[in-house]
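Colleague: mmCIF, C-alpha atoms, saved as coords20.cif, coming up:
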data_input
#
loop_
_atom_site.label_atom_id
_atom_site.label_comp_id
_atom_site.auth_asym_id
_atom_site.auth_seq_id
_atom_site.Cartn_x
_atom_site.Cartn_y
_atom_site.Cartn_z
CA MET L 1 153.57 156.54 112.70
CA ALA L 2 152.34 153.10 111.68
CA VAL L 3 151.73 150.46 114.33
CA ALA L 4 151.35 146.90 113.08
CA GLU L 5 149.01 144.67 115.08
CA PHE L 6 147.95 141.07 114.63
CA ARG L 7 145.53 139.01 116.72
CA THR L 8 144.45 135.39 116.35
CA GLU L 9 140.99 135.66 117.92
CA ASN L 10 139.14 136.04 114.62
CA LEU L 11 140.91 133.14 112.90
CA ALA L 12 139.84 129.51 112.74
CA PRO L 13 141.46 127.58 115.62
CA GLU L 14 143.67 125.53 113.29
CA ASP L 15 145.06 128.71 111.68
CA ARG L 16 145.87 130.59 114.87
CA PHE L 17 149.28 129.28 115.82
CA PRO L 18 150.83 129.07 112.30
CA SER L 19 149.59 132.58 111.48
CA TRP L 20 150.87 134.06 114.74
CA PHE L 21 154.21 132.26 114.36
CA GLU L 22 154.71 133.67 110.84
CA VAL L 23 154.00 137.24 111.94
CA ALA L 24 156.16 136.98 115.09
CA ALA L 25 159.06 135.40 113.16
CA GLN L 26 159.03 138.18 110.55
CA ALA L 27 159.10 140.86 113.23
CA HIS L 28 161.88 139.25 115.29
CA MET L 29 164.88 136.97 114.87
CA PRO L 30 164.08 133.56 113.31
CA SER L 31 163.58 130.77 115.84
CA TRP L 32 161.56 127.59 116.26
CA VAL L 33 158.49 127.89 118.47
CA HIS L 34 156.54 124.92 119.84
CA PRO L 35 153.23 125.60 121.64
CA ALA L 36 152.03 123.42 124.48
CA SER L 37 148.80 123.15 122.50
CA GLU L 38 147.65 124.45 119.12
CA ALA L 39 143.99 123.72 119.85
CA ASP L 40 143.02 127.25 120.86
CA PHE L 41 146.08 129.44 120.48
CA GLU L 42 144.98 132.95 121.50
CA ALA L 43 147.87 135.33 120.90
CA SER L 44 148.80 138.74 119.53
CA VAL L 45 151.72 140.76 118.20
CA ARG L 46 151.91 144.56 118.28
CA VAL L 47 154.94 146.22 116.70
CA LEU L 48 156.12 149.83 116.83
CA ASP L 49 159.00 150.55 114.42
CA LEU L 50 161.15 153.50 115.48
CA GLY L 51 163.73 153.11 112.75
CA GLY L 52 166.82 151.76 114.45
CA VAL L 53 164.75 150.49 117.37
CA GLN L 54 161.76 148.15 117.30
CA VAL L 55 159.46 147.77 120.29
CA SER L 56 156.78 145.10 120.34
CA VAL L 57 154.33 143.42 122.68
CA LEU L 58 153.97 139.66 122.43
CA THR L 59 151.14 137.74 124.11
CA HIS L 60 150.65 134.00 123.83
CA PRO L 61 149.97 130.80 125.81
CA GLU L 62 152.76 128.51 127.04
CA VAL L 63 155.46 127.87 124.40
CA ARG L 64 158.97 126.51 123.98
CA SER L 65 161.33 128.30 121.60
CA GLU L 66 164.77 127.55 120.23
CA ARG L 67 167.24 129.33 118.00
CA THR L 68 169.62 126.68 116.74
CA ALA L 69 173.19 127.08 115.52
CA ARG L 70 171.90 126.32 112.03
CA LEU L 71 169.40 129.19 112.20
CA VAL L 72 172.16 131.50 113.41
CA ARG L 73 174.34 130.52 110.42
CA GLN L 74 171.44 130.94 107.99
CA PHE L 75 170.53 134.42 109.16
CA ASP L 76 171.88 136.64 111.91
CA PRO L 77 170.44 140.17 112.11
CA GLU L 78 173.11 140.97 114.76
CA VAL L 79 170.63 142.33 117.25
CA TYR L 80 169.99 142.21 120.95
CA GLN L 81 166.51 141.59 122.28
CA PHE L 82 165.52 142.95 125.68
CA HIS L 83 162.41 141.26 127.06
CA LEU L 84 160.42 142.97 129.81
CA ILE L 85 158.39 140.20 131.44
CA VAL L 86 154.86 141.50 132.09
CA SER L 87 153.11 138.20 132.89
CA GLY L 88 154.14 134.58 133.13
CA GLY L 89 157.68 133.36 133.66
CA GLY L 90 160.05 130.80 132.27
CA ARG L 91 163.59 129.65 131.70
CA LEU L 92 166.33 130.73 129.26
CA ALA L 93 169.62 129.06 128.36
CA GLN L 94 172.23 130.88 126.26
CA ASP L 95 176.02 131.24 126.16
CA GLY L 96 176.57 128.55 128.76
CA ARG L 97 174.20 130.10 131.30
CA GLU L 98 170.69 129.10 132.31
CA ALA L 99 168.28 131.26 134.27
CA VAL L 100 164.76 131.21 135.64
CA PHE L 101 162.91 134.50 135.21
CA GLY L 102 159.58 136.05 136.15
CA VAL L 103 157.40 139.15 136.16
CA GLY L 104 159.25 142.43 136.70
CA GLN L 105 162.53 141.33 135.15
CA PHE L 106 164.48 142.05 131.97
CA LEU L 107 166.18 139.42 129.84
CA LEU L 108 168.78 139.89 127.13
CA ILE L 109 168.99 137.52 124.14
CA ASN L 110 171.82 137.73 121.59
CA SER L 111 170.80 136.83 118.02
CA SER L 112 174.35 135.65 117.24
CA LEU L 113 174.20 132.79 119.75
CA PRO L 114 171.89 129.77 119.94
CA TYR L 115 169.39 129.69 122.78
CA ARG L 116 166.61 127.59 124.29
CA ALA L 117 163.69 129.07 126.18
CA TRP L 118 160.43 128.06 127.81
CA ARG L 119 157.66 130.59 128.54
CA SER L 120 154.98 129.77 131.07
CA ALA L 121 151.59 131.48 131.09
CA GLN L 122 149.72 133.12 133.94
CA ASP L 123 145.98 132.45 133.61
CA GLY L 124 146.66 131.21 130.08
CA ARG L 125 148.58 134.32 129.04
CA SER L 126 152.25 135.18 128.75
CA GLU L 127 153.15 138.77 127.90
CA ALA L 128 156.43 140.56 127.24
CA VAL L 129 157.50 143.91 125.83
CA VAL L 130 160.43 143.26 123.49
CA VAL L 131 162.98 145.89 122.45
CA GLN L 132 165.11 144.85 119.48
CA VAL L 133 168.21 146.93 118.68
CA HIS L 134 171.27 146.49 116.49
CA ARG L 135 174.31 145.43 118.50
CA ALA L 136 176.30 148.53 117.51
CA SER L 137 173.53 150.97 118.50
CA LEU L 138 174.02 150.93 122.26
CA GLY L 139 177.55 152.29 122.40
CA LEU L 140 178.64 149.45 124.69
CA ARG L 141 181.18 146.81 123.77
CA SER L 142 179.58 143.56 122.56
CA ASN L 143 181.82 141.40 124.75
CA THR L 144 180.62 143.45 127.73
CA LEU L 145 176.93 143.17 126.84
CA ASP L 146 177.23 139.45 126.15
CA ARG L 147 177.77 138.96 129.88
CA LEU L 148 174.08 139.82 130.37
CA ALA L 149 172.77 137.01 128.15
CA ALA L 150 170.52 134.75 130.27
CA VAL L 151 171.12 136.95 133.35
CA PRO L 152 167.77 138.45 134.49
CA PHE L 153 167.89 141.92 136.03
CA SER L 154 165.27 143.95 137.84
CA ALA L 155 162.74 146.19 136.12
CA ARG L 156 161.35 147.38 139.46
CA SER L 157 164.04 149.68 140.82
CA GLY L 158 166.54 152.28 139.67
CA ILE L 159 167.11 152.93 135.98
CA GLY L 160 165.52 149.56 135.15
CA ALA L 161 162.20 150.81 136.54
CA VAL L 162 162.53 153.97 134.45
CA LEU L 163 163.11 151.88 131.31
CA ALA L 164 160.17 149.59 132.15
CA GLY L 165 157.85 152.54 132.71
CA HIS L 166 159.00 154.14 129.46
CA LEU L 167 158.36 150.96 127.44
CA LEU L 168 154.91 150.35 128.90
CA GLN L 169 153.89 153.97 128.27
CA LEU L 170 155.45 153.90 124.81
CA MET L 171 153.35 150.94 123.72
CA LYS L 172 150.21 152.16 125.48
CA ASN L 173 150.29 155.35 123.37
CA ALA L 174 151.85 153.81 120.26
CA GLY L 175 149.00 154.85 117.98
CA GLU L 176 149.33 158.54 118.89
CA TYR L 177 152.89 159.21 117.69
CA THR L 178 153.80 160.95 114.45
CA GLU L 179 156.77 160.42 112.14
CA ALA L 180 158.32 163.52 113.68
CA ASP L 181 158.43 161.72 117.05
CA THR L 182 160.47 158.79 115.71
CA VAL L 183 164.00 160.11 116.24
CA ALA L 184 163.37 161.39 119.77
CA LEU L 185 161.59 158.22 120.88
CA SER L 186 164.30 156.03 119.35
CA ASP L 187 167.08 158.01 121.06
CA ILE L 188 165.37 157.96 124.45
CA THR L 189 164.72 154.22 124.23
CA LEU L 190 168.31 153.44 123.20
CA ASP L 191 169.71 155.63 125.96
CA LEU L 192 167.57 153.99 128.64
CA VAL L 193 168.40 150.48 127.43
CA ALA L 194 172.12 151.32 127.35
CA ALA L 195 172.01 152.97 130.78
CA SER L 196 170.14 150.02 132.29
CA CYS L 197 172.69 147.56 130.91
CA ALA L 198 175.63 149.73 131.95
CA HIS L 199 174.23 149.99 135.47
CA ARG L 200 173.76 146.23 135.70
CA LEU L 201 177.31 145.68 134.43
CA ASP L 202 178.85 148.58 136.39
CA ALA L 203 180.00 149.95 133.03
CA ALA L 204 178.51 153.45 133.11
CA ALA L 205 181.87 154.91 132.05
CA ASP L 206 181.35 153.28 128.63
CA LEU L 207 178.32 155.47 127.89
CA SER L 208 178.71 158.71 125.97
CA PRO L 209 178.16 161.93 127.98
CA GLU L 210 175.09 162.66 125.83
CA ALA L 211 173.58 159.24 126.56
CA ARG L 212 174.18 159.66 130.29
CA GLN L 213 172.48 163.06 130.28
CA ARG L 214 169.45 161.84 128.33
CA ALA L 215 169.10 158.86 130.62
CA LEU L 216 169.32 161.15 133.66
CA LEU L 217 166.62 163.40 132.20
CA ALA L 218 164.37 160.38 131.71
CA ARG L 219 164.91 159.43 135.37
CA VAL L 220 163.99 162.98 136.43
CA HIS L 221 160.84 162.88 134.30
CA ARG L 222 159.81 159.62 135.95
CA PHE L 223 160.49 161.04 139.43
CA ILE L 224 158.36 164.10 138.69
CA ARG L 225 155.46 162.01 137.40
CA ASP L 226 155.63 159.82 140.51
CA HIS L 227 155.51 162.84 142.86
CA LEU L 228 153.07 165.21 141.15
CA GLY L 229 150.72 165.18 144.15
CA ASP L 230 153.41 166.60 146.43
CA PRO L 231 153.04 170.41 146.69
CA ALA L 232 156.69 170.51 147.81
CA LEU L 233 157.90 169.17 144.45
CA THR L 234 160.50 171.86 143.69
CA PRO L 235 163.74 172.02 141.70
CA ASP L 236 165.69 171.84 144.96
CA HIS L 237 163.85 168.67 145.99
CA ILE L 238 164.24 167.07 142.56
CA ALA L 239 167.95 167.89 142.33
CA ALA L 240 168.63 166.54 145.81
CA ALA L 241 166.80 163.29 145.01
CA HIS L 242 169.13 162.74 142.04
CA GLN L 243 172.31 163.98 143.74
CA ILE L 244 172.88 166.78 141.25
CA SER L 245 172.96 170.56 141.58
CA VAL L 246 169.94 172.71 140.79
CA ARG L 247 172.05 174.34 138.08
CA HIS L 248 172.66 170.92 136.50
CA LEU L 249 168.92 170.22 136.66
CA TYR L 250 168.14 173.47 134.85
CA LYS L 251 170.68 172.62 132.13
CA LEU L 252 169.01 169.24 131.57
CA PHE L 253 165.69 170.94 130.89
CA GLN L 254 167.22 173.62 128.66
CA ALA L 255 167.88 170.85 126.12
CA GLN L 256 164.11 170.32 125.75
CA ASP L 257 163.25 174.03 125.70
CA MET L 258 161.17 173.87 128.87
CA THR L 259 161.75 174.97 132.45
CA VAL L 260 161.44 172.55 135.35
CA ALA L 261 158.39 174.41 136.66
CA ALA L 262 156.73 174.33 133.23
CA TRP L 263 157.28 170.58 132.94
CA ILE L 264 155.78 169.96 136.39
CA ARG L 265 152.80 172.18 135.56
CA ARG L 266 152.20 170.44 132.22
CA CYS L 267 152.29 166.98 133.84
CA ARG L 268 149.92 168.08 136.60
CA LEU L 269 147.51 169.61 134.11
CA GLU L 270 147.49 166.43 132.03
CA ARG L 271 146.61 164.33 135.08
CA CYS L 272 143.85 166.77 136.05
CA ARG L 273 142.48 166.80 132.50
CA HIS L 274 142.42 162.99 132.49
CA ASP L 275 140.56 162.84 135.81
CA LEU L 276 138.05 165.53 134.80
CA ALA L 277 137.15 163.42 131.76
CA ASP L 278 136.75 160.22 133.80
CA PRO L 279 133.06 159.37 134.42
CA VAL L 280 134.04 157.39 137.51
CA LEU L 281 135.34 160.61 139.12
CA ARG L 282 132.37 162.81 138.19
CA SER L 283 131.29 163.20 141.82
CA MET L 284 134.78 164.26 142.91
CA PRO L 285 134.95 168.07 143.33
CA ILE L 286 137.17 169.89 140.87
CA HIS L 287 139.19 171.48 143.65
CA ALA L 288 139.85 168.01 145.11
CA ILE L 289 141.17 166.75 141.78
CA ALA L 290 143.40 169.80 141.51
CA ALA L 291 144.71 169.37 145.05
CA HIS L 292 145.33 165.66 144.46
CA TRP L 293 147.78 166.57 141.68
CA GLY L 294 149.55 169.35 143.58
CA PHE L 295 147.56 172.51 142.76
CA THR L 296 146.99 174.23 146.10
CA ASN L 297 145.41 177.45 144.76
CA ASN L 298 142.05 177.02 142.99
CA ALA L 299 142.18 180.34 141.16
CA HIS L 300 145.67 179.61 139.86
CA PHE L 301 144.60 176.14 138.75
CA SER L 302 141.58 177.48 136.84
CA ARG L 303 143.73 180.13 135.17
CA VAL L 304 146.49 177.78 133.98
CA PHE L 305 143.97 175.10 132.94
CA ARG L 306 142.07 177.59 130.74
CA ALA L 307 145.35 178.86 129.26
CA ALA L 308 146.37 175.29 128.36
CA TYR L 309 143.06 173.89 127.06
CA GLY L 310 140.88 176.89 126.18
CA LEU L 311 138.14 175.96 128.67
CA SER L 312 137.61 176.27 132.40
CA PRO L 313 137.90 173.00 134.35
CA ALA L 314 134.12 172.94 134.86
CA ASP L 315 133.38 173.52 131.17
CA TYR L 316 135.91 170.88 130.16
CA ARG L 317 134.32 168.33 132.49
CA HIS L 318 130.87 169.19 131.14
CA THR L 319 131.94 168.66 127.50
CA THR L 320 133.69 165.31 128.14
CA VAL L 321 131.80 163.44 130.87
#
Take the structure I supplied and represent it as structure tokens, if you would.

Modeller:
Amino acid sequence: MAVAEFRTENLAPEDRFPSWFEVAAQAHMPSWVHPASEADFEASVRVLDLGGVQVSVLTHPEVRSERTARLVRQFDPEVYQFHLIVSGGGRLAQDGREAVFGVGQFLLINSSLPYRAWRSAQDGRSEAVVVQVHRASLGLRSNTLDRLAAVPFSARSGIGAVLAGHLLQLMKNAGEYTEADTVALSDITLDLVAASCAHRLDAAADLSPEARQRALLARVHRFIRDHLGDPALTPDHIAAAHQISVRHLYKLFQAQDMTVAAWIRRCRLERCRHDLADPVLRSMPIHAIAAHWGFTNNAHFSRVFRAAYGLSPADYRHTTV
């Protein structure tokens, strides 16, 4: 799967802002952007196209942006943009509302309405992960979603935190996906965006049953990853944490052709494999790494590691560190 990336660092200073602006404008809805200074505009754009969903990372210094009524009339892609604020802050005005926002929040911008925005920079850098989706893709009524324009909501708790974690991981590994991954990644992203908006609007009933189930599965995946070091991570514990029955939990995992125990084991093995390949952790005993990620039996860990990767943990560490 192709990932488009553009950086200004290798351009002449006078070419940096106009070049970045052209690339960013082509990837997103047309708007006017005014930098605080064009003298040394260090910025980047990284875009992952998932078909009906586009996810990008924008970094830049302080800027002001505006989408005028004239620009809306000239071209309206009829999309929503969801901005996850990673660094910096700012202010957004749209649809009669004005809000101040900061790190750890989501913002919704509607391409069909004019807006004005100012983005501040932290240590000279403002960064956001931007999800752009067609208005009809989310399965929520437009007049309902429009209530979120210029209304920041948290990316640090609940389903918002799951969406934020998904987006950050998605872009971190963007170069590793194949075309076959596109549909699944697009569906998961749409479901999490829709569920986050529905939760913020108390409109969960508007989601399809399939979207609710996929969003719940994503929450369960995040919970498992966050608790891999707990030896007591069991289906009973996971189901109780999400207020569902163990039977319901098993049905969620049937859809991805993997048992709960197999998913936990795969996640734990991946974390162990990562740590065994980390030169910083070379002095850490293998059994300590295994125990840190929830493997309490050394012989069992060695057996399942060899079955998964074709090498013992010691041999794997030797070939990678």

Colleague: Spell out the residues picked by the PyMOL selection byres ((chain L and resi 51-54) around 6) here, as an MDAnalysis selection string.

Modeller: chainID L and resid 48:50 55 131:133 186

Colleague: Assuming the chain letters and numbering stay as they are in my file, what does the PyMOL selection byres ((chain L and resi 260-263) around 12) actually select? List them as a VMD selection string.

Modeller: chain L and resid 217 220 to 225 228 232 to 239 246 to 259 264 to 270 304 308

Colleague: Contacts of Gln74 of chain L at 10 Å or less, counting only C-alpha atoms, minus same-chain residues fewer than 5 places along, as a list in words?

Modeller: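 The filter keeps Pro30, Thr68 and Ala69 of chain L.
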
Colleague: Go through L:Trp32, L:Tyr177, L:Phe75, L:Tyr80 one by one, measure the shortest atom-to-atom distance of each to Ala2 of chain L using only C-alpha atoms, and give the residue with the smallest value.

Modeller: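 Once distances to Ala2 of chain L are computed over only C-alpha atoms, the minimum belongs to L:Tyr177.
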
Colleague: Do you know which residues the PyMOL selection byres ((chain L and resi 112) around 9) returns on this file, as a list in words?

Modeller: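 Checking the PyMOL selection byres ((chain L and resi 112) around 9) against this file, the residues are Ala69, Val72, Arg73, Asp76, Pro77, Glu78, Val79, Tyr80, Ile109, Asn110, Ser111, Leu113 and Pro114 of chain L.
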
Colleague: Pick from L:Leu311, L:Ala291, L:Leu145, L:Leu138: nearest to Asp187 of chain L, with only C-alpha atoms counted?

Modeller: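 When distances to Asp187 of chain L are compared using only C-alpha atoms, the smallest one comes from L:Leu138.
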
Colleague: Rounded to one decimal, what separation in Å do you get between atom CA of Gly88 of chain L and atom CA of Ser56 of chain L?

Modeller: 16.8 Å

Colleague: Here is a test: counting all atoms listed in the file, which residue of L:His274, L:Thr319, L:Phe82, L:Asn143 is nearest to Leu192 of chain L?

Modeller: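 Using all atoms listed in the file, the shortest distance to Leu192 of chain L belongs to L:Phe82.
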